[in-house]
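Shown below: target-v3.cif, with mmCIF, C-alpha atoms (C1' of nucleotides).
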```cif
data_entry
#
loop_
_atom_site.group_PDB
_atom_site.id
_atom_site.type_symbol
_atom_site.label_atom_id
_atom_site.label_comp_id
_atom_site.auth_asym_id
_atom_site.auth_seq_id
_atom_site.Cartn_x
_atom_site.Cartn_y
_atom_site.Cartn_z
ATOM 1 C CA MET A 30 -132.996 45.765 195.358
ATOM 2 C CA PRO A 31 -133.623 47.367 192.713
ATOM 3 C CA GLU A 32 -132.122 46.812 189.351
ATOM 4 C CA LEU A 33 -132.829 49.255 186.555
ATOM 5 C CA PRO A 34 -136.496 48.301 186.003
ATOM 6 C CA GLU A 35 -137.348 48.741 189.671
ATOM 7 C CA VAL A 36 -135.649 52.118 189.784
ATOM 8 C CA GLU A 37 -137.377 53.206 186.598
ATOM 9 C CA THR A 38 -140.714 52.025 187.977
ATOM 10 C CA ALA A 39 -140.154 54.069 191.122
ATOM 11 C CA ARG A 40 -139.223 57.078 188.999
ATOM 12 C CA ARG A 41 -142.349 56.842 186.866
ATOM 13 C CA GLY A 42 -144.534 56.449 189.913
ATOM 14 C CA LEU A 43 -142.986 59.283 191.902
ATOM 15 C CA ALA A 44 -142.220 61.886 189.253
ATOM 16 C CA PRO A 45 -145.757 63.272 188.798
ATOM 17 C CA ALA A 46 -146.199 63.754 192.541
ATOM 18 C CA LEU A 47 -142.800 65.392 193.017
ATOM 19 C CA ARG A 48 -142.494 67.649 190.003
ATOM 20 C CA ALA A 49 -142.804 71.359 190.800
ATOM 21 C CA GLN A 50 -143.161 70.644 194.532
ATOM 22 C CA ARG A 51 -141.444 72.860 197.077
ATOM 23 C CA ILE A 52 -139.232 71.092 199.628
ATOM 24 C CA LEU A 53 -139.952 72.376 203.118
ATOM 25 C CA GLY A 54 -137.173 70.392 204.702
ATOM 26 C CA LEU A 55 -135.113 67.239 204.862
ATOM 27 C CA VAL A 56 -135.348 65.099 207.985
ATOM 28 C CA VAL A 57 -132.382 62.797 208.549
ATOM 29 C CA ARG A 58 -132.944 60.058 211.106
ATOM 30 C CA GLU A 59 -129.875 57.991 210.201
ATOM 31 C CA ARG A 60 -126.834 59.516 208.577
ATOM 32 C CA ARG A 61 -124.807 56.321 208.231
ATOM 33 C CA LEU A 62 -125.630 55.249 204.696
ATOM 34 C CA ARG A 63 -123.163 53.831 202.158
ATOM 35 C CA VAL A 64 -121.701 57.307 202.060
ATOM 36 C CA PRO A 65 -122.459 59.180 205.292
ATOM 37 C CA LEU A 66 -125.110 61.781 204.600
ATOM 38 C CA ASP A 67 -123.370 65.152 204.640
ATOM 39 C CA ALA A 68 -124.370 67.515 207.444
ATOM 40 C CA THR A 69 -124.907 70.406 205.033
ATOM 41 C CA THR A 70 -127.528 68.545 202.993
ATOM 42 C CA GLU A 71 -130.531 69.716 204.999
ATOM 43 C CA ASP A 72 -129.671 73.373 204.460
ATOM 44 C CA ALA A 73 -128.803 72.799 200.819
ATOM 45 C CA VAL A 74 -132.199 71.419 199.818
ATOM 46 C CA ALA A 75 -134.568 73.230 202.168
ATOM 47 C CA GLY A 76 -136.809 75.702 200.374
ATOM 48 C CA GLN A 77 -135.919 74.498 196.905
ATOM 49 C CA ARG A 78 -138.366 73.538 194.217
ATOM 50 C CA ILE A 79 -138.155 70.134 192.546
ATOM 51 C CA LEU A 80 -137.789 70.530 188.801
ATOM 52 C CA ASN A 81 -137.782 66.899 187.748
ATOM 53 C CA LEU A 82 -137.033 63.323 188.754
ATOM 54 C CA ARG A 83 -134.691 61.605 186.339
ATOM 55 C CA ARG A 84 -132.838 58.305 186.319
ATOM 56 C CA ARG A 85 -129.268 57.488 185.311
ATOM 57 C CA ALA A 86 -128.221 53.857 185.743
ATOM 58 C CA LYS A 87 -129.658 52.824 189.119
ATOM 59 C CA TYR A 88 -129.468 56.362 190.489
ATOM 60 C CA LEU A 89 -132.475 58.604 190.847
ATOM 61 C CA ILE A 90 -131.699 62.260 190.289
ATOM 62 C CA LEU A 91 -133.958 64.776 191.958
ATOM 63 C CA GLU A 92 -133.237 67.920 189.990
ATOM 64 C CA LEU A 93 -133.562 71.050 192.089
ATOM 65 C CA GLU A 94 -133.365 74.736 191.282
ATOM 66 C CA ARG A 95 -129.819 74.612 192.631
ATOM 67 C CA GLY A 96 -127.974 71.312 192.245
ATOM 68 C CA ALA A 97 -129.473 67.846 192.536
ATOM 69 C CA LEU A 98 -130.190 65.225 195.145
ATOM 70 C CA LEU A 99 -128.860 61.788 194.172
ATOM 71 C CA LEU A 100 -130.672 58.745 195.502
ATOM 72 C CA HIS A 101 -129.496 55.162 195.250
ATOM 73 C CA LEU A 102 -131.474 52.273 196.681
ATOM 74 C CA GLY A 103 -128.581 49.861 197.138
ATOM 75 C CA MET A 104 -129.755 46.300 197.765
ATOM 76 C CA SER A 105 -132.674 46.877 200.094
ATOM 77 C CA GLY A 106 -133.760 50.471 199.614
ATOM 78 C CA SER A 107 -137.230 51.694 198.759
ATOM 79 C CA LEU A 108 -139.100 54.971 198.491
ATOM 80 C CA ARG A 109 -142.633 55.732 199.606
ATOM 81 C CA LEU A 110 -144.807 58.774 199.482
ATOM 82 C CA VAL A 111 -146.711 59.042 202.730
ATOM 83 C CA THR A 112 -149.121 61.452 204.346
ATOM 84 C CA GLU A 113 -148.110 63.589 207.307
ATOM 85 C CA ASP A 114 -149.334 61.356 210.093
ATOM 86 C CA THR A 115 -147.823 58.098 208.815
ATOM 87 C CA PRO A 116 -145.758 56.566 211.625
ATOM 88 C CA TYR A 117 -142.120 55.790 210.983
ATOM 89 C CA ARG A 118 -141.097 52.242 210.375
ATOM 90 C CA PRO A 119 -137.701 50.933 211.421
ATOM 91 C CA HIS A 120 -135.077 51.897 208.826
ATOM 92 C CA ASP A 121 -136.946 54.950 207.564
ATOM 93 C CA HIS A 122 -133.697 56.914 207.398
ATOM 94 C CA VAL A 123 -134.423 60.052 205.411
ATOM 95 C CA GLU A 124 -137.561 62.036 204.714
ATOM 96 C CA LEU A 125 -138.210 64.829 202.275
ATOM 97 C CA VAL A 126 -141.026 67.048 203.554
ATOM 98 C CA LEU A 127 -143.013 68.607 200.724
ATOM 99 C CA ALA A 128 -145.205 71.678 200.676
ATOM 100 C CA ASN A 129 -148.235 69.660 199.553
ATOM 101 C CA GLY A 130 -148.328 67.762 202.839
ATOM 102 C CA LEU A 131 -146.718 64.608 201.531
ATOM 103 C CA LYS A 132 -143.402 63.155 202.583
ATOM 104 C CA LEU A 133 -141.011 61.073 200.544
ATOM 105 C CA ARG A 134 -139.481 58.441 202.785
ATOM 106 C CA PHE A 135 -136.248 56.622 202.070
ATOM 107 C CA HIS A 136 -136.252 53.217 203.728
ATOM 108 C CA ASP A 137 -133.183 50.968 203.640
ATOM 109 C CA PRO A 138 -132.529 48.213 206.191
ATOM 110 C CA ARG A 139 -129.066 47.311 204.920
ATOM 111 C CA ARG A 140 -127.959 50.909 204.398
ATOM 112 C CA PHE A 141 -126.189 50.173 201.149
ATOM 113 C CA GLY A 142 -128.140 53.022 199.618
ATOM 114 C CA LEU A 143 -127.210 56.636 199.280
ATOM 115 C CA VAL A 144 -128.628 60.158 199.527
ATOM 116 C CA GLN A 145 -126.258 62.878 198.374
ATOM 117 C CA TRP A 146 -126.657 66.491 197.345
ATOM 118 C CA THR A 147 -124.418 67.801 194.607
ATOM 119 C CA PRO A 148 -124.195 71.487 193.662
ATOM 120 C CA GLY A 149 -123.352 70.911 190.000
ATOM 121 C CA PRO A 150 -124.860 68.872 187.192
ATOM 122 C CA ALA A 151 -125.589 65.366 188.469
ATOM 123 C CA GLU A 152 -123.812 63.702 185.565
ATOM 124 C CA ALA A 153 -120.548 65.348 186.653
ATOM 125 C CA HIS A 154 -120.720 63.728 190.079
ATOM 126 C CA PRO A 155 -117.969 61.106 190.587
ATOM 127 C CA SER A 156 -120.571 58.372 191.136
ATOM 128 C CA LEU A 157 -122.059 58.991 187.700
ATOM 129 C CA SER A 158 -119.200 60.228 185.573
ATOM 130 C CA GLY A 159 -117.607 56.870 184.793
ATOM 131 C CA LEU A 160 -120.754 54.989 183.890
ATOM 132 C CA GLY A 161 -121.338 53.154 180.625
ATOM 133 C CA PRO A 162 -124.282 53.719 178.297
ATOM 134 C CA GLU A 163 -127.924 53.142 179.177
ATOM 135 C CA PRO A 164 -128.948 49.682 177.950
ATOM 136 C CA LEU A 165 -132.121 50.997 176.328
ATOM 137 C CA ALA A 166 -130.291 53.703 174.384
ATOM 138 C CA ALA A 167 -129.609 53.216 170.688
ATOM 139 C CA VAL A 168 -125.833 53.497 171.195
ATOM 140 C CA PHE A 169 -125.929 50.281 173.195
ATOM 141 C CA ASP A 170 -125.926 47.459 170.666
ATOM 142 C CA GLY A 171 -124.182 44.236 169.736
ATOM 143 C CA ALA A 172 -121.316 45.963 167.971
ATOM 144 C CA TYR A 173 -120.618 48.078 171.046
ATOM 145 C CA LEU A 174 -120.572 45.066 173.372
ATOM 146 C CA HIS A 175 -118.423 43.062 170.980
ATOM 147 C CA ARG A 176 -115.893 45.870 170.754
ATOM 148 C CA ARG A 177 -115.686 46.382 174.521
ATOM 149 C CA ALA A 178 -115.285 42.643 175.101
ATOM 150 C CA GLN A 179 -112.104 42.316 173.056
ATOM 151 C CA GLY A 180 -109.355 40.690 175.123
ATOM 152 C CA ARG A 181 -111.572 40.229 178.175
ATOM 153 C CA ARG A 182 -111.203 36.925 179.912
ATOM 154 C CA ALA A 183 -113.777 37.482 182.654
ATOM 155 C CA ALA A 184 -117.087 35.611 182.504
ATOM 156 C CA VAL A 185 -119.593 37.275 180.206
ATOM 157 C CA LYS A 186 -122.091 37.551 183.070
ATOM 158 C CA THR A 187 -119.584 39.504 185.158
ATOM 159 C CA PHE A 188 -118.762 41.588 182.072
ATOM 160 C CA ILE A 189 -122.345 42.756 181.467
ATOM 161 C CA MET A 190 -122.770 43.551 185.173
ATOM 162 C CA ASP A 191 -119.805 45.954 185.014
ATOM 163 C CA GLN A 192 -121.418 49.410 185.182
ATOM 164 C CA ARG A 193 -118.579 50.895 183.124
ATOM 165 C CA ILE A 194 -119.604 48.629 180.238
ATOM 166 C CA VAL A 195 -123.359 49.045 180.489
ATOM 167 C CA VAL A 196 -125.440 50.284 183.400
ATOM 168 C CA GLY A 197 -128.466 48.817 185.070
ATOM 169 C CA VAL A 198 -127.919 45.117 184.455
ATOM 170 C CA GLY A 199 -127.926 43.563 187.907
ATOM 171 C CA ASN A 200 -127.590 40.008 189.089
ATOM 172 C CA ILE A 201 -131.115 38.857 188.274
ATOM 173 C CA TYR A 202 -131.454 40.342 184.805
ATOM 174 C CA ALA A 203 -127.916 39.309 183.840
ATOM 175 C CA SER A 204 -128.926 35.660 184.254
ATOM 176 C CA GLU A 205 -132.237 36.269 182.497
ATOM 177 C CA SER A 206 -130.667 38.056 179.526
ATOM 178 C CA LEU A 207 -128.029 35.371 178.999
ATOM 179 C CA HIS A 208 -130.693 32.681 179.015
ATOM 180 C CA LEU A 209 -132.756 34.530 176.431
ATOM 181 C CA ALA A 210 -129.636 34.989 174.281
ATOM 182 C CA GLY A 211 -128.632 31.317 174.618
ATOM 183 C CA ILE A 212 -125.194 32.159 176.026
ATOM 184 C CA HIS A 213 -123.525 30.300 178.892
ATOM 185 C CA PRO A 214 -122.878 32.791 181.717
ATOM 186 C CA ALA A 215 -119.337 31.530 182.409
ATOM 187 C CA ARG A 216 -118.029 31.959 178.874
ATOM 188 C CA ALA A 217 -115.090 34.344 178.587
ATOM 189 C CA ALA A 218 -116.405 37.682 177.347
ATOM 190 C CA GLY A 219 -113.635 38.010 174.754
ATOM 191 C CA CYS A 220 -114.429 34.642 173.178
ATOM 192 C CA ILE A 221 -117.961 35.418 172.080
ATOM 193 C CA ALA A 222 -118.391 36.379 168.432
ATOM 194 C CA ALA A 223 -120.342 39.308 167.013
ATOM 195 C CA PRO A 224 -123.626 37.425 166.417
ATOM 196 C CA GLY A 225 -123.654 36.325 170.063
ATOM 197 C CA TYR A 226 -123.352 39.938 171.169
ATOM 198 C CA GLU A 227 -126.102 40.981 168.783
ATOM 199 C CA ARG A 228 -128.387 38.479 170.495
ATOM 200 C CA LEU A 229 -127.181 39.517 173.939
ATOM 201 C CA ALA A 230 -127.713 43.245 173.420
ATOM 202 C CA THR A 231 -131.188 42.570 172.054
ATOM 203 C CA SER A 232 -131.964 40.223 174.940
ATOM 204 C CA ILE A 233 -130.861 42.748 177.557
ATOM 205 C CA LYS A 234 -133.174 45.359 176.040
ATOM 206 C CA THR A 235 -136.065 42.898 175.803
ATOM 207 C CA VAL A 236 -135.688 41.637 179.367
ATOM 208 C CA LEU A 237 -135.403 45.123 180.875
ATOM 209 C CA GLU A 238 -138.261 46.562 178.829
ATOM 210 C CA HIS A 239 -140.462 43.657 179.763
ATOM 211 C CA ALA A 240 -139.648 44.080 183.451
ATOM 212 C CA ILE A 241 -140.390 47.809 183.297
ATOM 213 C CA GLU A 242 -143.740 47.018 181.698
ATOM 214 C CA GLN A 243 -144.522 44.731 184.583
ATOM 215 C CA GLY A 244 -143.707 47.442 187.050
ATOM 216 C CA GLY A 245 -140.345 46.041 187.927
ATOM 217 C CA THR A 246 -139.580 42.601 189.196
ATOM 218 C CA THR A 247 -139.519 42.831 192.916
ATOM 219 C CA LEU A 248 -138.350 40.724 195.797
ATOM 220 C CA ARG A 249 -139.816 40.606 199.218
ATOM 221 C CA ASP A 250 -138.661 43.909 200.666
ATOM 222 C CA PHE A 251 -139.403 46.179 197.756
ATOM 223 C CA VAL A 252 -142.414 48.375 198.168
ATOM 224 C CA ARG A 253 -143.793 50.370 195.321
ATOM 225 C CA GLU A 254 -143.907 54.101 195.636
ATOM 226 C CA ASP A 255 -147.634 54.029 196.332
ATOM 227 C CA GLY A 256 -147.027 51.698 199.249
ATOM 228 C CA ALA A 257 -148.497 48.624 197.612
ATOM 229 C CA PRO A 258 -146.394 45.546 198.153
ATOM 230 C CA GLY A 259 -144.250 44.726 195.155
ATOM 231 C CA TYR A 260 -145.070 41.486 193.503
ATOM 232 C CA PHE A 261 -142.575 38.697 193.285
ATOM 233 C CA SER A 262 -142.024 38.100 189.648
ATOM 234 C CA ARG A 263 -143.388 34.925 188.200
ATOM 235 C CA ALA A 264 -141.765 35.993 184.975
ATOM 236 C CA LEU A 265 -138.203 34.984 185.860
ATOM 237 C CA ARG A 266 -137.173 32.100 183.648
ATOM 238 C CA VAL A 267 -133.920 31.010 185.316
ATOM 239 C CA TYR A 268 -133.076 33.175 188.339
ATOM 240 C CA GLY A 269 -133.769 31.320 191.579
ATOM 241 C CA ARG A 270 -135.030 28.240 189.721
ATOM 242 C CA ALA A 271 -132.255 25.751 190.482
ATOM 243 C CA ASP A 272 -133.335 22.191 189.554
ATOM 244 C CA ALA A 273 -136.644 23.390 188.138
ATOM 245 C CA PRO A 274 -137.289 22.580 184.463
ATOM 246 C CA CYS A 275 -136.141 25.061 181.842
ATOM 247 C CA LEU A 276 -139.282 26.704 180.482
ATOM 248 C CA THR A 277 -137.923 26.301 176.964
ATOM 249 C CA CYS A 278 -136.630 22.703 176.910
ATOM 250 C CA GLY A 279 -137.372 21.096 180.289
ATOM 251 C CA THR A 280 -133.746 20.497 181.258
ATOM 252 C CA PRO A 281 -133.129 21.199 184.974
ATOM 253 C CA ILE A 282 -131.785 24.715 185.571
ATOM 254 C CA GLN A 283 -128.306 24.670 187.082
ATOM 255 C CA PRO A 284 -127.036 27.006 189.786
ATOM 256 C CA LEU A 285 -123.518 28.386 189.527
ATOM 257 C CA ARG A 286 -121.435 30.930 191.422
ATOM 258 C CA LEU A 287 -119.675 33.565 189.362
ATOM 259 C CA GLY A 288 -117.747 36.353 191.021
ATOM 260 C CA GLN A 289 -119.380 35.539 194.357
ATOM 261 C CA ARG A 290 -122.848 35.975 192.862
ATOM 262 C CA ALA A 291 -125.595 33.408 192.430
ATOM 263 C CA SER A 292 -126.140 32.552 188.777
ATOM 264 C CA PHE A 293 -128.535 30.227 186.987
ATOM 265 C CA PHE A 294 -128.524 28.760 183.505
ATOM 266 C CA CYS A 295 -129.905 26.010 181.313
ATOM 267 C CA PRO A 296 -127.103 23.643 180.258
ATOM 268 C CA HIS A 297 -129.045 22.700 177.125
ATOM 269 C CA CYS A 298 -130.155 26.128 175.865
ATOM 270 C CA GLN A 299 -127.028 28.057 176.842
ATOM 271 C CA ARG A 300 -123.631 27.334 175.319
ATOM 272 C "C1'" DC B 7 -105.300 47.852 183.016
ATOM 273 C "C1'" DA B 8 -108.106 43.626 184.093
ATOM 274 C "C1'" DC B 9 -109.621 40.763 187.445
ATOM 275 C "C1'" DA B 10 -110.766 38.538 192.081
ATOM 276 C "C1'" DA B 11 -111.960 38.957 196.592
ATOM 277 C "C1'" DG B 12 -113.280 41.335 200.589
ATOM 278 C "C1'" DA B 13 -115.964 44.911 202.893
ATOM 279 C "C1'" DC B 14 -119.986 47.390 203.911
ATOM 280 C "C1'" DC B 15 -124.997 46.208 206.713
ATOM 281 C "C1'" DT B 16 -129.437 43.967 208.437
ATOM 282 C "C1'" DG B 17 -133.053 40.553 208.182
ATOM 283 C "C1'" DG B 18 -135.009 36.215 206.928
ATOM 284 C "C1'" DC B 19 -134.725 31.526 206.705
ATOM 285 C "C1'" DA B 20 -133.180 26.610 207.191
ATOM 286 C "C1'" DG B 21 -131.314 23.468 210.222
ATOM 287 C "C1'" DC B 22 -130.193 21.808 214.571
ATOM 288 C "C1'" DT C 26 -138.049 28.355 221.336
ATOM 289 C "C1'" DG C 27 -133.610 29.912 220.402
ATOM 290 C "C1'" DC C 28 -129.394 29.585 218.697
ATOM 291 C "C1'" DT C 29 -126.014 29.433 214.343
ATOM 292 C "C1'" DG C 30 -124.718 29.927 209.813
ATOM 293 C "C1'" DC C 31 -125.805 31.233 205.351
ATOM 294 C "C1'" DC C 32 -127.974 33.944 201.934
ATOM 295 C "C1'" DA C 33 -129.703 38.314 199.614
ATOM 296 C "C1'" DG C 34 -131.178 42.736 194.294
ATOM 297 C "C1'" DG C 35 -125.045 46.807 194.610
ATOM 298 C "C1'" DT C 36 -121.127 49.358 194.721
ATOM 299 C "C1'" DC C 37 -116.447 50.524 196.373
ATOM 300 C "C1'" DT C 38 -111.705 49.420 197.772
ATOM 301 C "C1'" DT C 39 -107.750 46.668 197.945
ATOM 302 C "C1'" DG C 40 -104.436 43.525 196.238
ATOM 303 C "C1'" DT C 41 -102.404 40.652 192.648
#
```

What would the structure in this file look like if it were written as structure tokens?
Amino acid sequence: MPELPEVETARRGLAPALRAQRILGLVVRERRLRVPLDATTEDAVAGQRILNLRRRAKYLILELERGALLLHLGMSGSLRLVTEDTPYRPHDHVELVLANGLKLRFHDPRRFGLVQWTPGPAEAHPSLSGLGPEPLAAVFDGAYLHRRAQGRRAAVKTFIMDQRIVVGVGNIYASESLHLAGIHPARAAGCIAAPGYERLATSIKTVLEHAIEQGGTTLRDFVREDGAPGYFSRALRVYGRADAPCLTCGTPIQPLRLGQRASFFCPHCQR
DNA sequence: CACAAGACCTGGCAGC
DNA sequence: TGCTGCCAGGTCTTGT
């Protein structure tokens, strides 16, 4: 489950191998993804050259000569480049066959992911058109968050996970960013003052950039594009550390459920 | 409009 | 060992 850093890591790893490659065909072994894979997709992409692999939010955008192929990894998705004779594993649902003899395999046990061809510019696709700014872009800052939070009574953690507000902040990095910013995850978003949002915007950027540097924090079923097992992050400071000492002050980390999602915070460092 | 809750899936794990 | 229930990184839809 990739949050933004994992998706960006996959993009960086895959882009050099995919760029300028010709697609011989698309093999669909399981059409029932989050959105059923359209029956015209195979014909749409066959024979096309890959121009680039970009990322928007948690979507990967495979830019083709005509249109684009959108990929989303959902909670359990992963991508691998394999050689021709690599046997299928269970849940290898879709495979892009390339002219250089390699295959890009989309693997997703829970099938919350997505593979969709769109004829127009990817950004115009309904899945992408309503998204908020990229967290690492300059337009995303404390003033922006503060302005968008006016009148909001939802918990600030839920607020920053809303993809219309800012993209790419998932459940793990939301907890991590709030800890770094010293903000209690359950505080109403509209009741946090400008300086708090300055710290939060900075923290989100720091946490995501750090995770990208590490190659993406990964949980057990993420596999890097080269097939090496992803490493479980030892860098998480609160997520999954209920009752363990806060790495800043030693106070036991508390678990909390917010909007049905597991959350973790330090009751001493976060107010 | 903002918000909460449920739905979509499978696999792994703890507990009995 | 085998069952049962609960949990998991993300959206999308429905209902208030």

Give me the residues of chain A that have any atom at most 12 Å from an atom of chain B; for each, the nearest atom pair and the distance in Å, rounded to one decimal. Use all atoms listed in the file, sort by chain and number, and format it as JSON lines.
```
{"residue": "A:Arg61", "atom": "CA", "partner": "B:DC15", "partner_atom": "C1'", "distance": 10.2}
{"residue": "A:Leu62", "atom": "CA", "partner": "B:DC15", "partner_atom": "C1'", "distance": 9.3}
{"residue": "A:Arg63", "atom": "CA", "partner": "B:DC14", "partner_atom": "C1'", "distance": 7.4}
{"residue": "A:Val64", "atom": "CA", "partner": "B:DC14", "partner_atom": "C1'", "distance": 10.2}
{"residue": "A:Gly103", "atom": "CA", "partner": "B:DC15", "partner_atom": "C1'", "distance": 10.9}
{"residue": "A:Met104", "atom": "CA", "partner": "B:DC15", "partner_atom": "C1'", "distance": 10.1}
{"residue": "A:Ser105", "atom": "CA", "partner": "B:DT16", "partner_atom": "C1'", "distance": 9.4}
{"residue": "A:Gly106", "atom": "CA", "partner": "B:DT16", "partner_atom": "C1'", "distance": 11.8}
{"residue": "A:Pro119", "atom": "CA", "partner": "B:DT16", "partner_atom": "C1'", "distance": 11.2}
{"residue": "A:His120", "atom": "CA", "partner": "B:DT16", "partner_atom": "C1'", "distance": 9.7}
{"residue": "A:Asp137", "atom": "CA", "partner": "B:DT16", "partner_atom": "C1'", "distance": 9.3}
{"residue": "A:Pro138", "atom": "CA", "partner": "B:DT16", "partner_atom": "C1'", "distance": 5.7}
{"residue": "A:Arg139", "atom": "CA", "partner": "B:DC15", "partner_atom": "C1'", "distance": 4.6}
{"residue": "A:Arg140", "atom": "CA", "partner": "B:DC15", "partner_atom": "C1'", "distance": 6.0}
{"residue": "A:Phe141", "atom": "CA", "partner": "B:DC15", "partner_atom": "C1'", "distance": 6.9}
{"residue": "A:Gly142", "atom": "CA", "partner": "B:DC15", "partner_atom": "C1'", "distance": 10.3}
{"residue": "A:Ala178", "atom": "CA", "partner": "B:DA8", "partner_atom": "C1'", "distance": 11.5}
{"residue": "A:Gln179", "atom": "CA", "partner": "B:DA8", "partner_atom": "C1'", "distance": 11.8}
{"residue": "A:Gly180", "atom": "CA", "partner": "B:DA8", "partner_atom": "C1'", "distance": 9.5}
{"residue": "A:Arg181", "atom": "CA", "partner": "B:DA8", "partner_atom": "C1'", "distance": 7.7}
{"residue": "A:Arg182", "atom": "CA", "partner": "B:DA8", "partner_atom": "C1'", "distance": 8.5}
{"residue": "A:Ala183", "atom": "CA", "partner": "B:DC9", "partner_atom": "C1'", "distance": 7.1}
{"residue": "A:Ala184", "atom": "CA", "partner": "B:DC9", "partner_atom": "C1'", "distance": 10.3}
{"residue": "A:Thr187", "atom": "CA", "partner": "B:DC9", "partner_atom": "C1'", "distance": 10.3}
{"residue": "A:Phe188", "atom": "CA", "partner": "B:DC9", "partner_atom": "C1'", "distance": 10.6}
{"residue": "A:Asp191", "atom": "CA", "partner": "B:DC9", "partner_atom": "C1'", "distance": 11.7}
{"residue": "A:Arg249", "atom": "CA", "partner": "B:DG18", "partner_atom": "C1'", "distance": 10.1}
{"residue": "A:Asp250", "atom": "CA", "partner": "B:DG17", "partner_atom": "C1'", "distance": 10.0}
{"residue": "A:Leu287", "atom": "CA", "partner": "B:DA10", "partner_atom": "C1'", "distance": 10.6}
{"residue": "A:Gly288", "atom": "CA", "partner": "B:DA10", "partner_atom": "C1'", "distance": 7.4}
{"residue": "A:Gln289", "atom": "CA", "partner": "B:DA11", "partner_atom": "C1'", "distance": 8.5}
{"residue": "A:Arg290", "atom": "CA", "partner": "B:DA11", "partner_atom": "C1'", "distance": 11.9}
```

Would you write out, as a short mmCIF file (atom, residue, chain, number, x, y, z; two decimals) with C-alpha atoms, in the frame of the given file, every residue that the PyMOL selection byres ((chain A) within 12 of (chain C)) captures in this file?
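Output (expr.cif):
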```cif
data_model
loop_
_atom_site.label_atom_id
_atom_site.label_comp_id
_atom_site.auth_asym_id
_atom_site.auth_seq_id
_atom_site.Cartn_x
_atom_site.Cartn_y
_atom_site.Cartn_z
CA MET A 30 -133.00 45.76 195.36
CA PRO A 31 -133.62 47.37 192.71
CA GLU A 32 -132.12 46.81 189.35
CA LEU A 33 -132.83 49.26 186.56
CA PRO A 34 -136.50 48.30 186.00
CA GLU A 35 -137.35 48.74 189.67
CA VAL A 36 -135.65 52.12 189.78
CA ARG A 63 -123.16 53.83 202.16
CA VAL A 64 -121.70 57.31 202.06
CA ALA A 86 -128.22 53.86 185.74
CA LYS A 87 -129.66 52.82 189.12
CA TYR A 88 -129.47 56.36 190.49
CA HIS A 101 -129.50 55.16 195.25
CA LEU A 102 -131.47 52.27 196.68
CA GLY A 103 -128.58 49.86 197.14
CA MET A 104 -129.76 46.30 197.76
CA SER A 105 -132.67 46.88 200.09
CA GLY A 106 -133.76 50.47 199.61
CA SER A 107 -137.23 51.69 198.76
CA ARG A 139 -129.07 47.31 204.92
CA ARG A 140 -127.96 50.91 204.40
CA PHE A 141 -126.19 50.17 201.15
CA GLY A 142 -128.14 53.02 199.62
CA LEU A 143 -127.21 56.64 199.28
CA SER A 156 -120.57 58.37 191.14
CA LEU A 157 -122.06 58.99 187.70
CA MET A 190 -122.77 43.55 185.17
CA ASP A 191 -119.80 45.95 185.01
CA GLN A 192 -121.42 49.41 185.18
CA ARG A 193 -118.58 50.90 183.12
CA VAL A 196 -125.44 50.28 183.40
CA GLY A 197 -128.47 48.82 185.07
CA VAL A 198 -127.92 45.12 184.46
CA GLY A 199 -127.93 43.56 187.91
CA ASN A 200 -127.59 40.01 189.09
CA ILE A 201 -131.12 38.86 188.27
CA TYR A 202 -131.45 40.34 184.80
CA ALA A 203 -127.92 39.31 183.84
CA GLY A 245 -140.34 46.04 187.93
CA THR A 246 -139.58 42.60 189.20
CA THR A 247 -139.52 42.83 192.92
CA LEU A 248 -138.35 40.72 195.80
CA ARG A 249 -139.82 40.61 199.22
CA ASP A 250 -138.66 43.91 200.67
CA PHE A 251 -139.40 46.18 197.76
CA TYR A 268 -133.08 33.17 188.34
CA GLY A 269 -133.77 31.32 191.58
CA GLN A 289 -119.38 35.54 194.36
CA ARG A 290 -122.85 35.98 192.86
CA ALA A 291 -125.60 33.41 192.43
#
```

Go ahead and compute the interatomic distance for atom CA of A:Thr147 and atom CA of A:Gly96, in Å to one decimal. 5.5 Å

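Picked by the PyMOL selection byres ((chain A and resi 77-83) around 7) from the coordinates shown: Arg40, Ala44, Leu47, Arg48, Ala49, Gln50, Arg51, Ile52, Val74, Ala75, Gly76, Arg84, Arg85, Leu89, Ile90, Leu91, Glu92, Leu93 and Glu94 of chain A.
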
What would the selection look like, as number ranges by chain, if the PyMOL selection byres ((chain A and resi 146) around 6) were run on the coordinates I just shared? A: 97-98, 145, 147

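The two atoms in question, atom CA of A:Ser204 and atom CA of A:Gly159, are spaced 24.0 Å apart.
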
Length of the atom CA of A:Pro148 to atom CA of A:Leu133 vector [Å]: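 Computed distance, atom CA of A:Pro148 to atom CA of A:Leu133, equals 20.9 Å.
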
Mind checking which residues fall within 8 Å of A:Pro296, counting only C-alpha atoms (C1' of nucleotides), ignoring those fewer than 2 positions away in the same chain, and posting them as a compact mmCIF listing (two decimals) with C-alpha atoms, in the coordinates of the input?
```txt
# COMPACT_ATOMS: atom_id res chain seq x y z
CA HIS A 213 -123.52 30.30 178.89
CA THR A 280 -133.75 20.50 181.26
CA ILE A 282 -131.78 24.72 185.57
CA GLN A 283 -128.31 24.67 187.08
CA PHE A 294 -128.52 28.76 183.50
CA CYS A 298 -130.16 26.13 175.86
CA GLN A 299 -127.03 28.06 176.84
CA ARG A 300 -123.63 27.33 175.32
```

Determine, counting only C-alpha atoms (C1' of nucleotides), which protein, DNA and RNA residues have an atom within 10 Å of an atom of A:Ile221; residues of the same chain fewer than 2 positions away are not included. Present the result as an MDAnalysis selection string. chainID A and resid 175 178:179 185 212 216:219 223:226

Tell me which of A:Val57, A:Ile189, A:Ala151, A:Ala215 sits closest to A:Asp72, counting only C-alpha atoms.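 That would be A:Val57, the residue with the smallest distance to A:Asp72.
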